[in-house]
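Asks: The structure file input.cif (mmCIF, C-alpha atoms and all ligand atoms) is provided below.
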```
data_data
loop_
_atom_site.label_atom_id
_atom_site.label_comp_id
_atom_site.auth_asym_id
_atom_site.auth_seq_id
_atom_site.Cartn_x
_atom_site.Cartn_y
_atom_site.Cartn_z
CA MET F 1 26.06 46.95 87.22
CA SER F 2 25.15 49.65 84.75
CA GLU F 3 21.72 51.22 85.20
CA ILE F 4 21.99 53.62 82.26
CA THR F 5 23.90 52.78 79.10
CA LEU F 6 24.34 55.04 76.11
CA ARG F 7 25.88 53.36 73.05
CA ASN F 8 27.20 55.30 70.13
CA ILE F 9 24.63 58.08 70.56
CA THR F 10 24.64 60.79 67.93
CA LYS F 11 22.33 63.77 67.87
CA SER F 12 22.03 66.33 65.10
CA TYR F 13 19.92 69.45 65.07
CA GLY F 14 19.68 70.14 61.34
CA SER F 15 23.27 70.43 60.16
CA HIS F 16 24.57 70.94 63.71
CA LEU F 17 26.05 67.80 65.25
CA ALA F 18 25.48 68.32 69.01
CA LEU F 19 26.66 64.80 69.97
CA PRO F 20 29.16 63.25 67.52
CA SER F 21 29.26 59.81 69.20
CA LEU F 22 28.67 59.30 72.89
CA ASP F 23 29.27 56.16 74.94
CA LEU F 24 28.47 56.26 78.63
CA ASP F 25 27.85 53.68 81.36
CA ILE F 26 26.25 54.95 84.56
CA PRO F 27 26.53 52.50 87.46
CA ASN F 28 23.51 51.50 89.50
CA GLY F 29 22.92 53.87 92.44
CA SER F 30 25.64 56.34 91.51
CA PHE F 31 25.45 60.14 91.37
CA VAL F 32 26.88 61.14 88.02
CA THR F 33 27.33 64.75 86.94
CA LEU F 34 27.60 65.92 83.35
CA LEU F 35 29.79 69.01 83.56
CA GLY F 36 30.93 71.40 80.88
CA PRO F 37 30.56 74.87 79.38
CA SER F 38 27.37 76.17 77.79
CA GLY F 39 26.50 74.35 74.57
CA CYS F 40 28.68 71.27 75.19
CA GLY F 41 25.71 68.88 74.97
CA LYS F 42 24.89 68.15 78.64
CA THR F 43 21.18 68.90 78.38
CA THR F 44 20.90 67.08 75.06
CA THR F 45 22.43 63.97 76.68
CA LEU F 46 20.01 64.17 79.61
CA ARG F 47 17.03 64.67 77.31
CA VAL F 48 18.10 61.68 75.22
CA ILE F 49 18.17 59.55 78.40
CA ALA F 50 14.73 60.89 79.36
CA GLY F 51 13.27 60.37 75.90
CA LEU F 52 12.34 64.06 75.66
CA GLU F 53 14.68 64.12 72.68
CA GLN F 54 15.15 61.27 70.23
CA ALA F 55 18.79 60.58 69.37
CA THR F 56 19.66 60.47 65.67
CA THR F 57 21.39 57.10 66.03
CA GLY F 58 22.50 54.78 68.81
CA GLU F 59 21.02 52.91 71.72
CA VAL F 60 19.76 53.80 75.22
CA VAL F 61 19.35 51.04 77.81
CA LEU F 62 17.74 51.78 81.20
CA GLY F 63 17.82 49.08 83.89
CA GLY F 64 18.56 46.40 81.30
CA LYS F 65 15.67 47.44 79.03
CA THR F 66 16.31 49.01 75.63
CA VAL F 67 14.27 52.22 75.51
CA TYR F 68 15.76 53.53 72.28
CA SER F 69 17.46 51.81 69.40
CA SER F 70 17.85 53.41 66.00
CA ARG F 71 18.65 50.00 64.51
CA SER F 72 15.57 48.16 65.72
CA GLY F 73 13.29 51.20 65.72
CA VAL F 74 12.50 51.08 69.47
CA PHE F 75 11.44 54.31 71.20
CA VAL F 76 9.83 54.18 74.64
CA PRO F 77 8.21 57.56 75.51
CA PRO F 78 9.42 59.48 78.61
CA GLU F 79 6.39 58.70 80.78
CA ARG F 80 7.05 54.97 80.36
CA ARG F 81 10.74 55.09 81.25
CA GLY F 82 10.18 55.17 85.03
CA LEU F 83 12.20 58.34 85.61
CA GLY F 84 11.97 61.27 88.01
CA PHE F 85 12.96 64.76 86.85
CA ILE F 86 13.87 68.10 88.32
CA PHE F 87 14.64 70.78 85.81
CA GLN F 88 15.64 74.43 86.15
CA SER F 89 12.06 75.57 86.40
CA TYR F 90 10.54 73.35 89.01
CA ALA F 91 7.54 72.62 86.78
CA LEU F 92 5.04 72.73 89.62
CA TRP F 93 1.41 73.05 88.59
CA PRO F 94 0.45 76.61 89.64
CA ASN F 95 -3.24 75.75 89.98
CA MET F 96 -2.62 72.85 92.36
CA LYS F 97 -1.74 73.00 96.03
CA VAL F 98 1.54 71.56 97.31
CA ASP F 99 0.06 68.17 98.30
CA ARG F 100 -1.58 67.67 94.88
CA ASN F 101 1.65 68.61 93.14
CA ILE F 102 3.52 65.99 95.14
CA ILE F 103 1.10 63.10 94.69
CA LEU F 104 -0.18 63.73 91.17
CA ALA F 105 1.87 60.97 89.56
CA LEU F 106 0.94 58.52 92.34
CA SER F 107 -2.78 59.17 91.95
CA GLU F 108 -2.51 58.91 88.17
CA ALA F 109 -0.80 55.55 88.68
CA LYS F 110 -3.85 54.57 90.76
CA GLN F 111 -1.90 53.82 93.94
CA PRO F 112 -4.15 52.98 96.93
CA ALA F 113 -5.18 56.01 99.03
CA HIS F 114 -3.30 54.88 102.17
CA VAL F 115 -0.03 54.49 100.18
CA ILE F 116 -0.46 57.97 98.72
CA GLU F 117 -1.11 59.46 102.15
CA GLU F 118 1.91 57.75 103.71
CA ARG F 119 4.23 58.79 100.90
CA LEU F 120 2.97 62.39 101.01
CA ALA F 121 3.55 62.67 104.76
CA GLU F 122 7.01 61.11 104.47
CA ALA F 123 8.03 63.35 101.56
CA LEU F 124 6.81 66.54 103.25
CA ALA F 125 8.65 65.65 106.44
CA LYS F 126 11.90 64.88 104.58
CA VAL F 127 12.01 68.29 102.92
CA GLN F 128 10.69 70.03 106.03
CA LEU F 129 7.54 71.35 104.43
CA THR F 130 5.03 69.72 106.77
CA GLY F 131 2.33 72.29 107.42
CA LEU F 132 2.62 73.92 104.00
CA ALA F 133 0.73 71.22 102.04
CA ASP F 134 -2.26 73.49 101.67
CA ARG F 135 -0.51 76.34 99.90
CA TYR F 136 -0.27 77.12 96.20
CA PRO F 137 3.24 77.29 94.66
CA SER F 138 2.88 81.09 94.28
CA GLU F 139 2.58 81.32 98.08
CA LEU F 140 6.03 79.73 98.57
CA SER F 141 9.58 81.08 98.27
CA GLY F 142 11.83 79.86 95.44
CA GLY F 143 13.62 77.51 97.82
CA GLN F 144 10.36 76.09 99.16
CA GLN F 145 9.10 75.50 95.61
CA GLN F 146 12.32 73.68 94.87
CA ARG F 147 11.75 71.50 97.90
CA VAL F 148 8.26 70.64 96.67
CA ALA F 149 9.90 69.38 93.47
CA VAL F 150 12.28 67.31 95.61
CA ALA F 151 9.35 65.99 97.67
CA ARG F 152 7.65 64.88 94.46
CA LEU F 153 10.73 62.81 93.62
CA ILE F 154 10.81 61.32 97.11
CA ALA F 155 7.14 60.32 96.85
CA ALA F 156 7.48 58.80 93.38
CA ARG F 157 10.44 56.55 94.34
CA ASN F 158 11.79 56.24 90.83
CA SER F 159 15.00 54.29 90.46
CA ILE F 160 16.48 56.92 88.09
CA LEU F 161 16.52 60.66 88.79
CA LEU F 162 17.46 63.26 86.19
CA MET F 163 18.30 66.81 87.25
CA ASP F 164 19.12 69.68 84.91
CA GLU F 165 20.69 72.69 86.64
CA PRO F 166 18.12 72.43 89.44
CA LEU F 167 19.85 75.03 91.62
CA SER F 168 20.54 77.73 89.08
CA ASN F 169 17.61 79.96 90.07
CA LEU F 170 18.53 80.03 93.76
CA ASP F 171 20.66 82.50 95.70
CA ALA F 172 24.10 81.44 96.92
CA LYS F 173 23.05 80.51 100.46
CA LEU F 174 20.11 78.43 99.32
CA ARG F 175 22.22 76.70 96.69
CA THR F 176 24.59 75.48 99.38
CA GLU F 177 21.69 74.23 101.49
CA MET F 178 20.01 72.52 98.54
CA ARG F 179 23.28 70.83 97.54
CA THR F 180 23.26 69.13 100.92
CA GLU F 181 19.58 68.22 100.54
CA LEU F 182 20.01 66.74 97.07
CA LYS F 183 22.99 64.72 98.24
CA ARG F 184 20.97 63.45 101.18
CA LEU F 185 18.06 62.68 98.83
CA HIS F 186 20.38 60.59 96.69
CA ARG F 187 21.72 58.72 99.69
CA GLU F 188 18.26 57.99 101.05
CA LEU F 189 16.57 57.00 97.79
CA GLU F 190 19.64 55.14 96.47
CA ALA F 191 18.43 56.19 93.02
CA THR F 192 20.80 56.41 90.07
CA THR F 193 21.10 60.16 89.57
CA VAL F 194 22.25 62.07 86.50
CA TYR F 195 22.86 65.73 87.25
CA VAL F 196 23.64 68.44 84.70
CA THR F 197 25.52 71.58 85.67
CA HIS F 198 28.18 73.99 84.48
CA ASP F 199 29.05 74.70 88.12
CA GLN F 200 32.19 72.85 89.10
CA VAL F 201 31.55 73.29 92.83
CA GLU F 202 28.23 71.45 92.50
CA ALA F 203 29.96 68.73 90.51
CA LEU F 204 32.84 68.33 92.97
CA THR F 205 30.69 68.39 96.10
CA MET F 206 27.90 66.04 95.04
CA SER F 207 29.15 63.50 92.52
CA ASP F 208 30.50 59.97 92.67
CA ILE F 209 31.53 60.37 89.03
CA ILE F 210 32.03 63.55 86.99
CA VAL F 211 31.80 63.40 83.19
CA VAL F 212 33.48 66.47 81.68
CA MET F 213 32.19 67.34 78.20
CA LYS F 214 33.25 69.72 75.46
CA ASP F 215 31.68 70.05 71.99
CA GLY F 216 29.57 66.93 72.61
CA ILE F 217 32.64 64.82 73.39
CA ILE F 218 33.56 63.33 76.77
CA GLN F 219 36.93 64.71 77.81
CA GLN F 220 37.27 62.74 81.02
CA GLN F 221 35.17 60.60 83.30
CA GLY F 222 36.27 59.92 86.87
CA SER F 223 35.85 60.59 90.55
CA PRO F 224 36.01 64.24 91.69
CA TYR F 225 39.50 63.44 93.09
CA GLU F 226 40.74 62.09 89.74
CA ILE F 227 39.26 64.96 87.76
CA TYR F 228 40.76 67.56 90.10
CA HIS F 229 44.15 65.95 90.70
CA ASN F 230 44.76 64.07 87.46
CA PRO F 231 43.07 66.06 84.69
CA ALA F 232 43.31 64.20 81.38
CA ASN F 233 44.01 67.31 79.35
CA LEU F 234 44.43 71.08 79.53
CA PHE F 235 40.70 71.69 78.98
CA VAL F 236 39.75 69.67 82.09
CA ALA F 237 42.63 71.18 84.09
CA GLU F 238 41.47 74.72 83.34
CA PHE F 239 37.75 74.03 83.66
CA ILE F 240 38.01 72.63 87.18
CA GLY F 241 39.36 74.64 90.10
CA ASP F 242 38.73 78.14 91.41
CA PRO F 243 41.03 80.09 91.33
CA ARG F 244 42.13 78.53 88.06
CA ILE F 245 45.12 76.24 87.78
CA ASN F 246 48.37 77.95 86.75
CA LEU F 247 49.57 76.91 83.30
CA LEU F 248 53.18 77.70 82.48
CA ASP F 249 55.31 77.10 79.42
CA GLY F 250 58.61 75.32 79.88
CA THR F 251 61.08 73.17 78.04
CA LEU F 252 62.02 69.65 79.02
CA ALA F 253 65.75 69.13 78.76
CA THR F 254 68.37 66.65 79.87
CA VAL F 255 71.29 68.29 81.64
CA GLY F 256 74.20 66.09 82.76
CA GLY F 257 71.97 62.99 82.70
CA GLU F 258 69.26 64.69 84.83
CA ARG F 259 65.94 65.73 83.38
CA VAL F 260 64.86 69.29 84.11
CA VAL F 261 62.15 71.71 83.08
CA ARG F 262 63.52 75.03 82.02
CA PHE F 263 61.21 77.84 83.09
CA GLU F 264 62.60 81.19 81.94
CA ASP F 265 66.20 81.14 83.27
CA THR F 266 65.54 78.58 86.02
CA ALA F 267 65.88 74.79 85.81
CA ILE F 268 63.34 72.90 87.92
CA PRO F 269 63.95 69.14 88.38
CA ALA F 270 61.48 67.10 86.28
CA PRO F 271 59.58 64.20 87.86
CA MET F 272 61.16 60.76 87.40
CA GLY F 273 59.72 58.74 84.56
CA LEU F 274 58.01 61.59 82.72
CA GLN F 275 57.02 60.02 79.39
CA SER F 276 58.08 62.69 76.94
CA LEU F 277 60.97 63.57 74.73
CA ASP F 278 62.92 66.75 75.42
CA GLY F 279 61.14 69.81 74.04
CA PRO F 280 58.40 72.33 74.86
CA VAL F 281 55.79 71.35 77.46
CA THR F 282 53.05 73.03 79.44
CA PHE F 283 53.19 72.41 83.15
CA ALA F 284 50.45 73.09 85.63
CA ILE F 285 50.22 73.71 89.34
CA ARG F 286 47.13 74.40 91.42
CA PRO F 287 47.23 77.72 93.36
CA GLU F 288 47.02 75.97 96.74
CA ASN F 289 50.10 73.88 95.95
CA ILE F 290 52.42 76.83 95.41
CA ALA F 291 54.65 77.26 98.42
CA ILE F 292 55.44 80.85 99.40
CA VAL F 293 58.74 81.04 101.27
CA GLU F 294 60.53 83.93 102.87
CA ARG F 295 64.04 82.78 102.12
CA GLN F 296 65.64 81.92 98.85
CA GLY F 297 66.28 78.19 98.46
CA PRO F 298 67.92 76.02 95.80
CA SER F 299 64.75 75.63 93.71
CA SER F 300 62.88 78.81 94.63
CA LEU F 301 61.84 81.51 92.20
CA PRO F 302 61.65 85.21 93.08
CA ALA F 303 58.10 86.57 93.03
CA GLU F 304 56.51 90.00 93.27
CA VAL F 305 53.21 90.36 95.07
CA ASP F 306 50.62 92.16 92.95
CA ILE F 307 47.13 91.78 94.52
CA VAL F 308 46.12 90.18 97.83
CA GLN F 309 42.45 89.09 98.11
CA PRO F 310 41.27 87.53 101.38
CA THR F 311 38.07 85.48 100.95
CA GLY F 312 37.62 84.56 104.62
CA SER F 313 39.31 81.27 105.35
CA GLN F 314 41.69 81.66 102.40
CA THR F 315 43.60 84.39 100.57
CA ILE F 316 44.17 84.58 96.81
CA ILE F 317 47.52 86.10 95.96
CA SER F 318 48.33 87.32 92.45
CA LEU F 319 52.04 87.19 91.81
CA SER F 320 54.42 88.07 89.05
CA VAL F 321 57.06 85.38 88.61
CA LYS F 322 59.72 86.01 85.96
CA GLY F 323 57.22 88.26 84.20
CA ARG F 324 54.45 85.61 84.25
CA ARG F 325 51.15 85.90 86.18
CA VAL F 326 50.89 83.21 88.84
CA THR F 327 48.06 82.75 91.35
CA ALA F 328 48.69 81.30 94.79
CA LEU F 329 46.15 80.41 97.46
CA ILE F 330 47.02 80.33 101.13
CA PRO F 331 44.79 78.80 103.83
CA ARG F 332 44.51 81.87 106.08
CA PHE F 333 43.23 85.44 106.16
CA GLU F 334 45.88 87.84 104.92
CA THR F 335 45.35 91.48 103.94
CA SER F 336 48.81 92.32 102.71
CA LEU F 337 52.17 90.73 102.02
CA PRO F 338 55.53 92.41 101.41
CA LYS F 339 55.64 93.35 97.72
CA LYS F 340 59.14 92.00 97.21
CA SER F 341 61.56 89.57 98.89
CA ILE F 342 59.15 86.68 98.43
CA TRP F 343 60.06 83.38 96.83
CA ILE F 344 57.84 80.62 95.61
CA GLU F 345 58.49 76.94 95.12
CA PHE F 346 56.74 74.45 92.88
CA PRO F 347 56.68 71.15 94.82
CA LEU F 348 57.73 68.51 92.30
CA ASP F 349 54.98 66.04 93.19
CA GLN F 350 52.33 68.72 92.57
CA LEU F 351 53.28 69.47 88.98
CA THR F 352 51.30 68.05 86.07
CA PHE F 353 52.75 68.05 82.57
CA PHE F 354 50.87 68.36 79.30
CA ASP F 355 51.87 67.93 75.70
CA LYS F 356 52.00 71.44 74.29
CA GLY F 357 50.49 70.49 70.94
CA SER F 358 47.64 68.13 71.85
CA GLY F 359 47.06 69.35 75.42
CA THR F 360 47.01 65.74 76.67
CA ARG F 361 48.51 64.96 80.07
CA LEU F 362 51.94 63.34 79.85
CA PRO F 363 51.99 60.09 81.81
CA LEU F 364 54.59 59.13 84.37
CA ALA F 365 56.21 55.71 84.00
CA GLN F 366 55.06 53.30 86.67
CA PRO F 367 57.53 53.34 89.53
CA VAL F 368 59.58 50.14 89.78
CA GLY F 369 57.73 47.60 91.92
CA ALA F 370 54.34 49.37 91.64
CA SER F 371 52.78 46.41 89.85
CA HIS F 372 53.90 44.09 92.70
CA ALA F 373 52.38 46.38 95.31
CA ALA F 374 48.98 46.32 93.58
N1 LIG F 401 16.41 72.39 69.73
C1 LIG F 401 17.61 72.69 69.23
N2 LIG F 401 17.77 73.12 67.97
C2 LIG F 401 18.98 73.41 67.46
N3 LIG F 401 20.13 73.33 68.15
C3 LIG F 401 20.05 72.94 69.43
C4 LIG F 401 18.79 72.61 70.04
N4 LIG F 401 19.03 72.24 71.33
C5 LIG F 401 20.38 72.34 71.50
N5 LIG F 401 20.99 72.76 70.38
C6 LIG F 401 22.43 72.97 70.18
O1 LIG F 401 23.11 71.77 70.56
C7 LIG F 401 24.29 72.05 71.29
C8 LIG F 401 24.20 71.39 72.66
O2 LIG F 401 23.17 72.02 73.42
P1 LIG F 401 22.84 71.64 74.92
O3 LIG F 401 21.61 72.39 75.32
O4 LIG F 401 22.81 70.16 75.03
O5 LIG F 401 24.12 72.19 75.66
P2 LIG F 401 24.37 72.38 77.24
O6 LIG F 401 25.73 71.86 77.47
O7 LIG F 401 23.26 71.77 78.01
O8 LIG F 401 24.35 73.95 77.37
P3 LIG F 401 23.74 74.91 78.54
O9 LIG F 401 24.61 74.73 79.73
O10 LIG F 401 23.85 76.27 77.93
O11 LIG F 401 22.31 74.46 78.76
C9 LIG F 401 24.40 73.56 71.35
O12 LIG F 401 25.25 73.99 70.32
C10 LIG F 401 22.98 74.04 71.09
O13 LIG F 401 22.97 75.30 70.47
#
```
Could you express the structure from this file as structure tokens?

Replies:
Amino acid sequence: MSEITLRNITKSYGSHLALPSLDLDIPNGSFVTLLGPSGCGKTTTLRVIAGLEQATTGEVVLGGKTVYSSRSGVFVPPERRGLGFIFQSYALWPNMKVDRNIILALSEAKQPAHVIEERLAEALAKVQLTGLADRYPSELSGGQQQRVAVARLIAARNSILLMDEPLSNLDAKLRTEMRTELKRLHRELEATTVYVTHDQVEALTMSDIIVVMKDGIIQQQGSPYEIYHNPANLFVAEFIGDPRINLLDGTLATVGGERVVRFEDTAIPAPMGLQSLDGPVTFAIRPENIAIVERQGPSSLPAEVDIVQPTGSQTIISLSVKGRRVTALIPRFETSLPKKSIWIEFPLDQLTFFDKGSGTRLPLAQPVGASHAA
């Protein structure tokens, strides 16, 4: 069941159309991330869900209740939408101690004192801040302040949580720790969570569903696996993955009844059932899927090693292949490789093909018998 539904949402700021027409269904209990470059409309979408921003047209339904409808003139204000928020600045009250910050909403909602006390103790314990309830936010580190904001969400027990770049002010180590904590928070509260970020690692590590946006338009919506392995278009392919996916220009051709991709002077076999006419295509391969081999084989390409960058458990290798820059990633620590006498292979099942004009992924025909297997 859908907990959050956006129907035909448009949002203009003066003459600027930030959201041309957005439709989105967010399933009950899921962790959904809005991902995209700066200015693509992620925050606007979140603020429209929250009611902090009124859409120009469309409809917002939360838990089966219409909270905004341009047609029937409904607008429920944010405080009556039953949502929990964490935004970039943690929005703690500086003049209130940690415990007050956590329970403020509960006391305003006139919850009985014993309920407030229980929830406060539980929330402090969950974020490991027991013992710090008596401090002011200014007496805490950035990470601890962030955890107070998380504790406030735990105490409030809202069924919908909205988070806008909540980790962007933290250092790298703390970000990794907080990712784990937010994921755990989601699992424990079972709250429908909408998370905004431009950080693909956060999106891949935490989400059930990633919604990739560009210019206010959803480019693709799917599981992290689908987004990473089956990008819908070149924008999604390039936006996800570090180091970036390799994009290469080739030409689809039929030679002696066999379909091949011509890449410079080499013909690589094309996957069976590729739905495209002969002609120019862009093909893509992730760095970790490039095979580096020491001996020339029937479908190998000669490569020159340019730069070798070990990152710890992996090594990024910049190569020149037929005059094109290609990045490979190998799962071990390597400080140098022989400059020449290296060959690479593009495993056929790891190649993705895109229409050169539209940038849309070219589908593969369903293998014979696939529909029976389903
Ligand atoms: N209050 C506003 N007035 C005018 N234009 C705005 C306003 N808020 C956002 N915009 C514009 O709307 C578009 C979408 O902005 P939004 O903040 O939703 O993007 P975003 O994807 O969240 O970006 P970022 O990652 O930088 O926060 C941008 O072009 C932005 O300049």

Asks: Counting all atoms listed in the file, what residues are within 9 Å of ligand LIG 401 (chain F), given as a ChimeraX atom specification?

Replies: /F:11-19,34-47,53,164-165,196-198,213-216

Asks: Which residue out of F:Gln200, F:Gly222, F:Glu59, F:Ile4 has the minimum interatomic distance to F:Ile240 when all atoms listed in the file are used?

Replies: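 Distance minimum relative to F:Ile240 lands on F:Gln200.
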
Asks: Which residue out of F:Asp355, F:Glu181, F:Asp25, F:Glu117 has the minimum interatomic distance to F:Gly250 when all atoms listed in the file are used?

Replies: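 Comparing F:Asp355, F:Glu181, F:Asp25, F:Glu117 against F:Gly250, the winner is F:Asp355.
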
Asks: Counting all atoms listed in the file, which of F:Val260, F:Leu124, F:Ala267, F:Val60 gets nearest to F:Leu22?

Replies: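 Result for the nearest residue to F:Leu22: F:Val60.
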
Asks: Determine, using only C-alpha atoms, which residues of stretch 203-322 of chain F have any atom at most 9 Å from an atom of stretch 337-349 of chain F, and tabulate each with its shortest atom pair and distance in Å to one decimal place, rows ordered by chain and then rising number, as JSON lines.

Replies:
```
{"residue": "F:Ile268", "atom": "CA", "partner": "F:Leu348", "partner_atom": "CA", "distance": 8.4}
{"residue": "F:Pro269", "atom": "CA", "partner": "F:Leu348", "partner_atom": "CA", "distance": 7.4}
{"residue": "F:Ala270", "atom": "CA", "partner": "F:Leu348", "partner_atom": "CA", "distance": 7.2}
{"residue": "F:Pro271", "atom": "CA", "partner": "F:Leu348", "partner_atom": "CA", "distance": 6.5}
{"residue": "F:Ile285", "atom": "CA", "partner": "F:Phe346", "partner_atom": "CA", "distance": 7.5}
{"residue": "F:Asn289", "atom": "CA", "partner": "F:Pro347", "partner_atom": "CA", "distance": 7.2}
{"residue": "F:Ile290", "atom": "CA", "partner": "F:Phe346", "partner_atom": "CA", "distance": 5.5}
{"residue": "F:Ala291", "atom": "CA", "partner": "F:Glu345", "partner_atom": "CA", "distance": 5.1}
{"residue": "F:Ile292", "atom": "CA", "partner": "F:Ile344", "partner_atom": "CA", "distance": 4.5}
{"residue": "F:Val293", "atom": "CA", "partner": "F:Trp343", "partner_atom": "CA", "distance": 5.2}
{"residue": "F:Glu294", "atom": "CA", "partner": "F:Ile342", "partner_atom": "CA", "distance": 5.4}
{"residue": "F:Arg295", "atom": "CA", "partner": "F:Trp343", "partner_atom": "CA", "distance": 6.6}
{"residue": "F:Gln296", "atom": "CA", "partner": "F:Trp343", "partner_atom": "CA", "distance": 6.1}
{"residue": "F:Gly297", "atom": "CA", "partner": "F:Trp343", "partner_atom": "CA", "distance": 8.3}
{"residue": "F:Ser299", "atom": "CA", "partner": "F:Glu345", "partner_atom": "CA", "distance": 6.5}
{"residue": "F:Ser300", "atom": "CA", "partner": "F:Glu345", "partner_atom": "CA", "distance": 4.8}
{"residue": "F:Leu301", "atom": "CA", "partner": "F:Trp343", "partner_atom": "CA", "distance": 5.3}
{"residue": "F:Pro302", "atom": "CA", "partner": "F:Trp343", "partner_atom": "CA", "distance": 4.5}
{"residue": "F:Ala303", "atom": "CA", "partner": "F:Trp343", "partner_atom": "CA", "distance": 5.3}
{"residue": "F:Glu304", "atom": "CA", "partner": "F:Lys340", "partner_atom": "CA", "distance": 5.1}
{"residue": "F:Val305", "atom": "CA", "partner": "F:Lys339", "partner_atom": "CA", "distance": 4.7}
{"residue": "F:Asp306", "atom": "CA", "partner": "F:Lys339", "partner_atom": "CA", "distance": 7.0}
{"residue": "F:Val308", "atom": "CA", "partner": "F:Leu337", "partner_atom": "CA", "distance": 7.4}
{"residue": "F:Ile317", "atom": "CA", "partner": "F:Leu337", "partner_atom": "CA", "distance": 8.9}
{"residue": "F:Val321", "atom": "CA", "partner": "F:Ile344", "partner_atom": "CA", "distance": 8.5}
```

Asks: Can you work out which one of F:Val48, F:Ile116, F:Leu24, F:Ile227 has the shortest atom-to-atom distance to F:Arg81, counting only C-alpha atoms?

Replies: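 Counting only C-alpha atoms, the residue closest to F:Arg81 is F:Val48.
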
Asks: Pull out stretch 199-211 of chain F, keep N, CA and C atoms, and write it as a PDB file, in the first residue's frame.

Replies:
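Contents of decode_4.pdb, freshly written:
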```pdb
ATOM      1  N   ASP F 199      24.238  12.403  -2.647  1.00  0.00           N
ATOM      2  CA  ASP F 199      25.343  11.470  -2.427  1.00  0.00           C
ATOM      3  C   ASP F 199      24.884  10.051  -2.781  1.00  0.00           C
ATOM      4  N   GLN F 200      25.445   9.539  -3.870  1.00  0.00           N
ATOM      5  CA  GLN F 200      24.997   8.239  -4.358  1.00  0.00           C
ATOM      6  C   GLN F 200      25.323   7.102  -3.390  1.00  0.00           C
ATOM      7  N   VAL F 201      26.397   7.268  -2.597  1.00  0.00           N
ATOM      8  CA  VAL F 201      26.727   6.187  -1.652  1.00  0.00           C
ATOM      9  C   VAL F 201      25.634   6.089  -0.585  1.00  0.00           C
ATOM     10  N   GLU F 202      25.181   7.256  -0.094  1.00  0.00           N
ATOM     11  CA  GLU F 202      24.075   7.238   0.874  1.00  0.00           C
ATOM     12  C   GLU F 202      22.845   6.582   0.253  1.00  0.00           C
ATOM     13  N   ALA F 203      22.566   6.940  -0.982  1.00  0.00           N
ATOM     14  CA  ALA F 203      21.374   6.392  -1.643  1.00  0.00           C
ATOM     15  C   ALA F 203      21.499   4.874  -1.797  1.00  0.00           C
ATOM     16  N   LEU F 204      22.650   4.420  -2.263  1.00  0.00           N
ATOM     17  CA  LEU F 204      22.820   2.981  -2.515  1.00  0.00           C
ATOM     18  C   LEU F 204      22.816   2.177  -1.219  1.00  0.00           C
ATOM     19  N   THR F 205      23.415   2.730  -0.165  1.00  0.00           N
ATOM     20  CA  THR F 205      23.561   1.941   1.061  1.00  0.00           C
ATOM     21  C   THR F 205      22.273   1.890   1.886  1.00  0.00           C
ATOM     22  N   MET F 206      21.431   2.917   1.795  1.00  0.00           N
ATOM     23  CA  MET F 206      20.313   2.974   2.738  1.00  0.00           C
ATOM     24  C   MET F 206      18.949   2.648   2.151  1.00  0.00           C
ATOM     25  N   SER F 207      18.787   2.801   0.831  1.00  0.00           N
ATOM     26  CA  SER F 207      17.419   2.829   0.293  1.00  0.00           C
ATOM     27  C   SER F 207      16.834   1.470  -0.060  1.00  0.00           C
ATOM     28  N   ASP F 208      15.495   1.395   0.019  1.00  0.00           N
ATOM     29  CA  ASP F 208      14.779   0.296  -0.640  1.00  0.00           C
ATOM     30  C   ASP F 208      14.533   0.698  -2.091  1.00  0.00           C
ATOM     31  N   ILE F 209      14.214   1.976  -2.274  1.00  0.00           N
ATOM     32  CA  ILE F 209      13.930   2.492  -3.622  1.00  0.00           C
ATOM     33  C   ILE F 209      14.684   3.808  -3.795  1.00  0.00           C
ATOM     34  N   ILE F 210      15.333   3.949  -4.959  1.00  0.00           N
ATOM     35  CA  ILE F 210      15.992   5.221  -5.291  1.00  0.00           C
ATOM     36  C   ILE F 210      15.190   5.863  -6.425  1.00  0.00           C
ATOM     37  N   VAL F 211      14.927   7.157  -6.270  1.00  0.00           N
ATOM     38  CA  VAL F 211      14.254   7.916  -7.332  1.00  0.00           C
ATOM     39  C   VAL F 211      15.290   8.910  -7.852  1.00  0.00           C
TER      40      VAL F 211
END
```
